[in-house]
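S.K.: Structure: input-v5.csv, CSV, N, CA and C atoms.
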```
chain,number,residue,atom,x,y,z
A,1,MET,N,75.3,107.5,104.8
A,1,MET,CA,74.2,106.9,105.4
A,1,MET,C,74.7,106.1,106.7
A,2,GLU,N,73.9,106.3,107.8
A,2,GLU,CA,74.3,105.6,109.0
A,2,GLU,C,73.9,104.1,109.0
A,3,GLU,N,74.7,103.3,109.6
A,3,GLU,CA,74.5,101.9,109.7
A,3,GLU,C,73.8,101.6,111.1
A,4,ASP,N,72.8,100.8,111.0
A,4,ASP,CA,72.1,100.3,112.3
A,4,ASP,C,73.0,99.5,113.1
A,5,ILE,N,73.0,99.7,114.4
A,5,ILE,CA,73.9,98.9,115.3
A,5,ILE,C,72.9,98.3,116.3
A,6,THR,N,73.1,97.0,116.5
A,6,THR,CA,72.3,96.2,117.4
A,6,THR,C,73.1,96.0,118.7
A,7,ILE,N,72.5,96.3,119.8
A,7,ILE,CA,73.2,96.1,121.1
A,7,ILE,C,72.2,95.3,122.0
A,8,ASP,N,72.7,94.3,122.8
A,8,ASP,CA,71.8,93.6,123.6
A,8,ASP,C,71.4,94.4,124.9
A,9,TRP,N,70.3,94.1,125.5
A,9,TRP,CA,69.8,94.9,126.6
A,9,TRP,C,70.8,94.9,127.8
A,10,GLU,N,71.4,93.8,128.1
A,10,GLU,CA,72.3,93.8,129.3
A,10,GLU,C,73.5,94.7,129.1
A,11,THR,N,74.0,94.7,127.9
A,11,THR,CA,75.2,95.6,127.5
A,11,THR,C,74.7,97.0,127.6
A,12,PHE,N,73.5,97.3,127.1
A,12,PHE,CA,73.0,98.7,127.2
A,12,PHE,C,72.9,99.2,128.6
A,13,VAL,N,72.2,98.4,129.4
A,13,VAL,CA,72.0,98.8,130.8
A,13,VAL,C,73.3,99.0,131.5
A,14,LYS,N,74.3,98.0,131.4
A,14,LYS,CA,75.6,98.2,132.0
A,14,LYS,C,76.3,99.5,131.6
A,15,SER,N,76.1,99.8,130.3
A,15,SER,CA,76.8,101.0,129.8
A,15,SER,C,76.1,102.3,130.3
A,16,GLN,N,74.9,102.2,130.8
A,16,GLN,CA,74.1,103.4,131.3
A,16,GLN,C,74.0,103.5,132.8
A,17,LEU,N,74.6,102.6,133.5
A,17,LEU,CA,74.4,102.6,135.0
A,17,LEU,C,74.8,103.8,135.7
A,18,HIS,N,75.8,104.5,135.1
A,18,HIS,CA,76.2,105.8,135.7
A,18,HIS,C,75.2,106.9,135.7
A,19,TRP,N,74.1,106.7,134.9
A,19,TRP,CA,73.1,107.7,134.7
A,19,TRP,C,71.9,107.4,135.7
A,20,ILE,N,71.9,106.2,136.2
A,20,ILE,CA,70.7,105.8,137.0
A,20,ILE,C,70.9,106.2,138.5
A,21,ARG,N,69.8,106.7,139.0
A,21,ARG,CA,69.8,107.1,140.4
A,21,ARG,C,68.4,106.7,141.0
A,22,VAL,N,68.4,106.1,142.1
A,22,VAL,CA,67.2,105.7,142.8
A,22,VAL,C,67.1,106.3,144.2
A,23,VAL,N,66.0,107.0,144.4
A,23,VAL,CA,65.8,107.6,145.7
A,23,VAL,C,64.5,107.0,146.4
A,24,TYR,N,64.6,106.6,147.6
A,24,TYR,CA,63.5,106.1,148.3
A,24,TYR,C,63.1,107.1,149.4
A,25,LYS,N,61.8,107.4,149.6
A,25,LYS,CA,61.3,108.3,150.6
A,25,LYS,C,60.4,107.4,151.5
A,26,ILE,N,60.8,107.2,152.7
A,26,ILE,CA,60.0,106.3,153.6
A,26,ILE,C,59.5,107.2,154.7
A,27,GLU,N,58.2,107.2,155.0
A,27,GLU,CA,57.7,108.0,156.1
A,27,GLU,C,57.0,107.1,157.1
A,28,GLY,N,57.1,107.5,158.3
A,28,GLY,CA,56.5,106.7,159.4
A,28,GLY,C,56.9,107.1,160.7
A,29,ARG,N,56.6,106.3,161.7
A,29,ARG,CA,57.0,106.6,163.1
A,29,ARG,C,58.5,106.4,163.3
A,30,GLN,N,59.1,107.1,164.2
A,30,GLN,CA,60.5,107.1,164.4
A,30,GLN,C,61.1,105.7,164.6
A,31,GLU,N,60.4,104.9,165.5
A,31,GLU,CA,60.9,103.5,165.8
A,31,GLU,C,60.9,102.6,164.6
A,32,ASN,N,59.8,102.8,163.7
A,32,ASN,CA,59.7,102.0,162.5
A,32,ASN,C,60.8,102.4,161.5
A,33,LEU,N,61.1,103.7,161.4
A,33,LEU,CA,62.1,104.2,160.5
A,33,LEU,C,63.5,103.8,161.0
A,34,GLN,N,63.7,103.7,162.3
A,34,GLN,CA,65.0,103.3,162.8
A,34,GLN,C,65.2,101.8,162.5
A,35,GLU,N,64.1,101.0,162.6
A,35,GLU,CA,64.2,99.6,162.3
A,35,GLU,C,64.6,99.4,160.8
A,36,ILE,N,63.9,100.2,159.9
A,36,ILE,CA,64.2,100.1,158.5
A,36,ILE,C,65.7,100.5,158.2
A,37,TYR,N,66.1,101.6,158.8
A,37,TYR,CA,67.5,102.0,158.7
A,37,TYR,C,68.5,101.0,159.1
A,38,ASN,N,68.2,100.4,160.3
A,38,ASN,CA,69.1,99.4,160.9
A,38,ASN,C,69.2,98.1,159.9
A,39,LEU,N,68.1,97.7,159.4
A,39,LEU,CA,68.1,96.6,158.5
A,39,LEU,C,68.8,96.9,157.2
A,40,TYR,N,68.6,98.1,156.7
A,40,TYR,CA,69.2,98.6,155.4
A,40,TYR,C,70.7,98.6,155.7
A,41,LYS,N,71.2,99.1,156.8
A,41,LYS,CA,72.6,99.2,157.1
A,41,LYS,C,73.2,97.8,157.2
A,42,GLU,N,72.5,96.8,157.8
A,42,GLU,CA,73.1,95.5,157.9
A,42,GLU,C,73.2,94.9,156.6
A,43,PHE,N,72.3,95.0,155.7
A,43,PHE,CA,72.4,94.5,154.3
A,43,PHE,C,73.5,95.2,153.6
A,44,ALA,N,73.5,96.5,153.6
A,44,ALA,CA,74.5,97.3,152.9
A,44,ALA,C,76.0,97.0,153.4
A,45,ASP,N,76.1,96.8,154.7
A,45,ASP,CA,77.4,96.5,155.2
A,45,ASP,C,77.8,95.0,155.2
A,46,LYS,N,76.9,94.2,154.5
A,46,LYS,CA,77.0,92.8,154.3
A,46,LYS,C,77.1,92.0,155.7
A,47,LYS,N,76.5,92.6,156.7
A,47,LYS,CA,76.4,91.9,158.0
A,47,LYS,C,75.3,90.9,158.0
A,48,ARG,N,74.3,91.1,157.1
A,48,ARG,CA,73.2,90.2,156.9
A,48,ARG,C,73.3,89.6,155.5
A,49,PRO,N,73.3,88.2,155.4
A,49,PRO,CA,73.5,87.6,154.1
A,49,PRO,C,72.4,87.9,153.1
A,50,ALA,N,72.8,87.9,151.9
A,50,ALA,CA,71.9,88.1,150.8
A,50,ALA,C,72.3,87.1,149.7
A,51,MET,N,71.3,86.6,148.9
A,51,MET,CA,71.6,85.6,147.9
A,51,MET,C,72.5,86.2,146.8
A,52,GLU,N,72.2,87.5,146.5
A,52,GLU,CA,73.0,88.2,145.5
A,52,GLU,C,73.1,89.6,146.0
A,53,ASP,N,74.2,90.3,145.7
A,53,ASP,CA,74.4,91.7,146.2
A,53,ASP,C,73.3,92.6,145.7
A,54,ASP,N,72.8,92.5,144.5
A,54,ASP,CA,71.8,93.4,144.0
A,54,ASP,C,70.3,93.1,144.5
A,55,GLU,N,70.2,92.1,145.4
A,55,GLU,CA,68.9,91.7,145.9
A,55,GLU,C,68.5,92.3,147.3
A,56,TRP,N,69.4,93.1,147.9
A,56,TRP,CA,69.2,93.5,149.2
A,56,TRP,C,67.9,94.4,149.4
A,57,PRO,N,67.5,95.2,148.4
A,57,PRO,CA,66.2,95.9,148.6
A,57,PRO,C,65.0,95.0,148.8
A,58,LEU,N,65.0,93.9,147.9
A,58,LEU,CA,63.9,93.0,148.0
A,58,LEU,C,63.9,92.2,149.3
A,59,LYS,N,65.1,91.8,149.8
A,59,LYS,CA,65.2,91.1,151.1
A,59,LYS,C,64.8,92.1,152.2
A,60,LEU,N,65.1,93.3,152.1
A,60,LEU,CA,64.7,94.3,153.2
A,60,LEU,C,63.2,94.4,153.2
A,61,VAL,N,62.5,94.5,152.1
A,61,VAL,CA,61.1,94.5,152.0
A,61,VAL,C,60.5,93.2,152.6
A,62,ASN,N,61.0,92.1,152.2
A,62,ASN,CA,60.5,90.8,152.7
A,62,ASN,C,60.7,90.7,154.2
A,63,ARG,N,61.8,91.2,154.7
A,63,ARG,CA,62.0,91.1,156.2
A,63,ARG,C,61.0,92.0,156.9
A,64,LEU,N,60.7,93.2,156.4
A,64,LEU,CA,59.8,94.1,157.0
A,64,LEU,C,58.4,93.7,157.0
A,65,SER,N,58.1,92.9,156.0
A,65,SER,CA,56.7,92.5,155.8
A,65,SER,C,56.3,91.3,156.7
A,66,ARG,N,57.2,90.8,157.5
A,66,ARG,CA,56.9,89.6,158.4
A,66,ARG,C,56.1,90.1,159.6
```
Represent the structure from my file as structure tokens, please.

M.R.:
Amino acid sequence: MEEDITIDWETFVKSQLHWIRVVYKIEGRQENLQEIYNLYKEFADKKRPAMEDDEWPLKLVNRLSR
């Protein structure tokens, strides 16, 4: 008989991160897309500060919504 094993959510997610893939498709005018790309690149290259490394997508959206 199998024994039930309990695992907390954070441990589970960390153990499964290699299976997760996120793809964004952004459509628009060339100049808008270039601005989005430039901002993304600045966050990804850590040229633009972020509160936490995993928050750059939210900060990118916040910056573009101004």

S.K.: From the list A:Phe43, A:Phe12, A:Tyr24, A:Trp19, which residue is nearest Leu60 of chain A when using only C-alpha atoms?

M.R.: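 Answer, going by the shortest atom-to-atom distance: A:Phe43.
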
S.K.: Provide the atom C of Glu27 of chain A to atom C of Lys46 of chain A distance in Å, to one decimal place.

M.R.: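 Going from atom C of Glu27 of chain A over to atom C of Lys46 of chain A, I get 25.2 Å.
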
S.K.: Among chain A, which residues does DSSP mark as helix (DSSP H, G or I) when it is run on the backbone? Keep the chain and numbering as in the structure and answer as a PyMOL selection string.

M.R.: chain A and resi 9-19+30-44+53-64

S.K.: Could you turn the residues from that selection into a file that holds N, CA and C atoms, as an mmCIF file, keeping the file's coordinate frame?

M.R.:
```
data_model
loop_
_atom_site.group_PDB
_atom_site.id
_atom_site.type_symbol
_atom_site.label_atom_id
_atom_site.label_comp_id
_atom_site.auth_asym_id
_atom_site.auth_seq_id
_atom_site.Cartn_x
_atom_site.Cartn_y
_atom_site.Cartn_z
ATOM 1 N N TRP A 9 70.300 94.100 125.500
ATOM 2 C CA TRP A 9 69.800 94.900 126.600
ATOM 3 C C TRP A 9 70.800 94.900 127.800
ATOM 4 N N GLU A 10 71.400 93.800 128.100
ATOM 5 C CA GLU A 10 72.300 93.800 129.300
ATOM 6 C C GLU A 10 73.500 94.700 129.100
ATOM 7 N N THR A 11 74.000 94.700 127.900
ATOM 8 C CA THR A 11 75.200 95.600 127.500
ATOM 9 C C THR A 11 74.700 97.000 127.600
ATOM 10 N N PHE A 12 73.500 97.300 127.100
ATOM 11 C CA PHE A 12 73.000 98.700 127.200
ATOM 12 C C PHE A 12 72.900 99.200 128.600
ATOM 13 N N VAL A 13 72.200 98.400 129.400
ATOM 14 C CA VAL A 13 72.000 98.800 130.800
ATOM 15 C C VAL A 13 73.300 99.000 131.500
ATOM 16 N N LYS A 14 74.300 98.000 131.400
ATOM 17 C CA LYS A 14 75.600 98.200 132.000
ATOM 18 C C LYS A 14 76.300 99.500 131.600
ATOM 19 N N SER A 15 76.100 99.800 130.300
ATOM 20 C CA SER A 15 76.800 101.000 129.800
ATOM 21 C C SER A 15 76.100 102.300 130.300
ATOM 22 N N GLN A 16 74.900 102.200 130.800
ATOM 23 C CA GLN A 16 74.100 103.400 131.300
ATOM 24 C C GLN A 16 74.000 103.500 132.800
ATOM 25 N N LEU A 17 74.600 102.600 133.500
ATOM 26 C CA LEU A 17 74.400 102.600 135.000
ATOM 27 C C LEU A 17 74.800 103.800 135.700
ATOM 28 N N HIS A 18 75.800 104.500 135.100
ATOM 29 C CA HIS A 18 76.200 105.800 135.700
ATOM 30 C C HIS A 18 75.200 106.900 135.700
ATOM 31 N N TRP A 19 74.100 106.700 134.900
ATOM 32 C CA TRP A 19 73.100 107.700 134.700
ATOM 33 C C TRP A 19 71.900 107.400 135.700
ATOM 34 N N GLN A 30 59.100 107.100 164.200
ATOM 35 C CA GLN A 30 60.500 107.100 164.400
ATOM 36 C C GLN A 30 61.100 105.700 164.600
ATOM 37 N N GLU A 31 60.400 104.900 165.500
ATOM 38 C CA GLU A 31 60.900 103.500 165.800
ATOM 39 C C GLU A 31 60.900 102.600 164.600
ATOM 40 N N ASN A 32 59.800 102.800 163.700
ATOM 41 C CA ASN A 32 59.700 102.000 162.500
ATOM 42 C C ASN A 32 60.800 102.400 161.500
ATOM 43 N N LEU A 33 61.100 103.700 161.400
ATOM 44 C CA LEU A 33 62.100 104.200 160.500
ATOM 45 C C LEU A 33 63.500 103.800 161.000
ATOM 46 N N GLN A 34 63.700 103.700 162.300
ATOM 47 C CA GLN A 34 65.000 103.300 162.800
ATOM 48 C C GLN A 34 65.200 101.800 162.500
ATOM 49 N N GLU A 35 64.100 101.000 162.600
ATOM 50 C CA GLU A 35 64.200 99.600 162.300
ATOM 51 C C GLU A 35 64.600 99.400 160.800
ATOM 52 N N ILE A 36 63.900 100.200 159.900
ATOM 53 C CA ILE A 36 64.200 100.100 158.500
ATOM 54 C C ILE A 36 65.700 100.500 158.200
ATOM 55 N N TYR A 37 66.100 101.600 158.800
ATOM 56 C CA TYR A 37 67.500 102.000 158.700
ATOM 57 C C TYR A 37 68.500 101.000 159.100
ATOM 58 N N ASN A 38 68.200 100.400 160.300
ATOM 59 C CA ASN A 38 69.100 99.400 160.900
ATOM 60 C C ASN A 38 69.200 98.100 159.900
ATOM 61 N N LEU A 39 68.100 97.700 159.400
ATOM 62 C CA LEU A 39 68.100 96.600 158.500
ATOM 63 C C LEU A 39 68.800 96.900 157.200
ATOM 64 N N TYR A 40 68.600 98.100 156.700
ATOM 65 C CA TYR A 40 69.200 98.600 155.400
ATOM 66 C C TYR A 40 70.700 98.600 155.700
ATOM 67 N N LYS A 41 71.200 99.100 156.800
ATOM 68 C CA LYS A 41 72.600 99.200 157.100
ATOM 69 C C LYS A 41 73.200 97.800 157.200
ATOM 70 N N GLU A 42 72.500 96.800 157.800
ATOM 71 C CA GLU A 42 73.100 95.500 157.900
ATOM 72 C C GLU A 42 73.200 94.900 156.600
ATOM 73 N N PHE A 43 72.300 95.000 155.700
ATOM 74 C CA PHE A 43 72.400 94.500 154.300
ATOM 75 C C PHE A 43 73.500 95.200 153.600
ATOM 76 N N ALA A 44 73.500 96.500 153.600
ATOM 77 C CA ALA A 44 74.500 97.300 152.900
ATOM 78 C C ALA A 44 76.000 97.000 153.400
ATOM 79 N N ASP A 53 74.200 90.300 145.700
ATOM 80 C CA ASP A 53 74.400 91.700 146.200
ATOM 81 C C ASP A 53 73.300 92.600 145.700
ATOM 82 N N ASP A 54 72.800 92.500 144.500
ATOM 83 C CA ASP A 54 71.800 93.400 144.000
ATOM 84 C C ASP A 54 70.300 93.100 144.500
ATOM 85 N N GLU A 55 70.200 92.100 145.400
ATOM 86 C CA GLU A 55 68.900 91.700 145.900
ATOM 87 C C GLU A 55 68.500 92.300 147.300
ATOM 88 N N TRP A 56 69.400 93.100 147.900
ATOM 89 C CA TRP A 56 69.200 93.500 149.200
ATOM 90 C C TRP A 56 67.900 94.400 149.400
ATOM 91 N N PRO A 57 67.500 95.200 148.400
ATOM 92 C CA PRO A 57 66.200 95.900 148.600
ATOM 93 C C PRO A 57 65.000 95.000 148.800
ATOM 94 N N LEU A 58 65.000 93.900 147.900
ATOM 95 C CA LEU A 58 63.900 93.000 148.000
ATOM 96 C C LEU A 58 63.900 92.200 149.300
ATOM 97 N N LYS A 59 65.100 91.800 149.800
ATOM 98 C CA LYS A 59 65.200 91.100 151.100
ATOM 99 C C LYS A 59 64.800 92.100 152.200
ATOM 100 N N LEU A 60 65.100 93.300 152.100
ATOM 101 C CA LEU A 60 64.700 94.300 153.200
ATOM 102 C C LEU A 60 63.200 94.400 153.200
ATOM 103 N N VAL A 61 62.500 94.500 152.100
ATOM 104 C CA VAL A 61 61.100 94.500 152.000
ATOM 105 C C VAL A 61 60.500 93.200 152.600
ATOM 106 N N ASN A 62 61.000 92.100 152.200
ATOM 107 C CA ASN A 62 60.500 90.800 152.700
ATOM 108 C C ASN A 62 60.700 90.700 154.200
ATOM 109 N N ARG A 63 61.800 91.200 154.700
ATOM 110 C CA ARG A 63 62.000 91.100 156.200
ATOM 111 C C ARG A 63 61.000 92.000 156.900
ATOM 112 N N LEU A 64 60.700 93.200 156.400
ATOM 113 C CA LEU A 64 59.800 94.100 157.000
ATOM 114 C C LEU A 64 58.400 93.700 157.000
#
```

S.K.: One number please: atom CA of Ala44 of chain A to atom CA of Leu17 of chain A, in Å, one decimal.

M.R.: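 A separation of 18.7 Å between them.
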
S.K.: One number please: atom N of Lys14 of chain A to atom N of Pro57 of chain A, in Å, one decimal.

M.R.: 18.5 Å

S.K.: Around segment 3-7 of chain A, with edges along x, y and z and 4 Å added on all six sides, what centre and edge lengths do you get, in Å to one decimal, as AutoDock Vina command-line options?

M.R.:
```
--center_x 73.4 --center_y 99.3 --center_z 115.8 --size_x 10.6 --size_y 16.0 --size_z 20.4
```
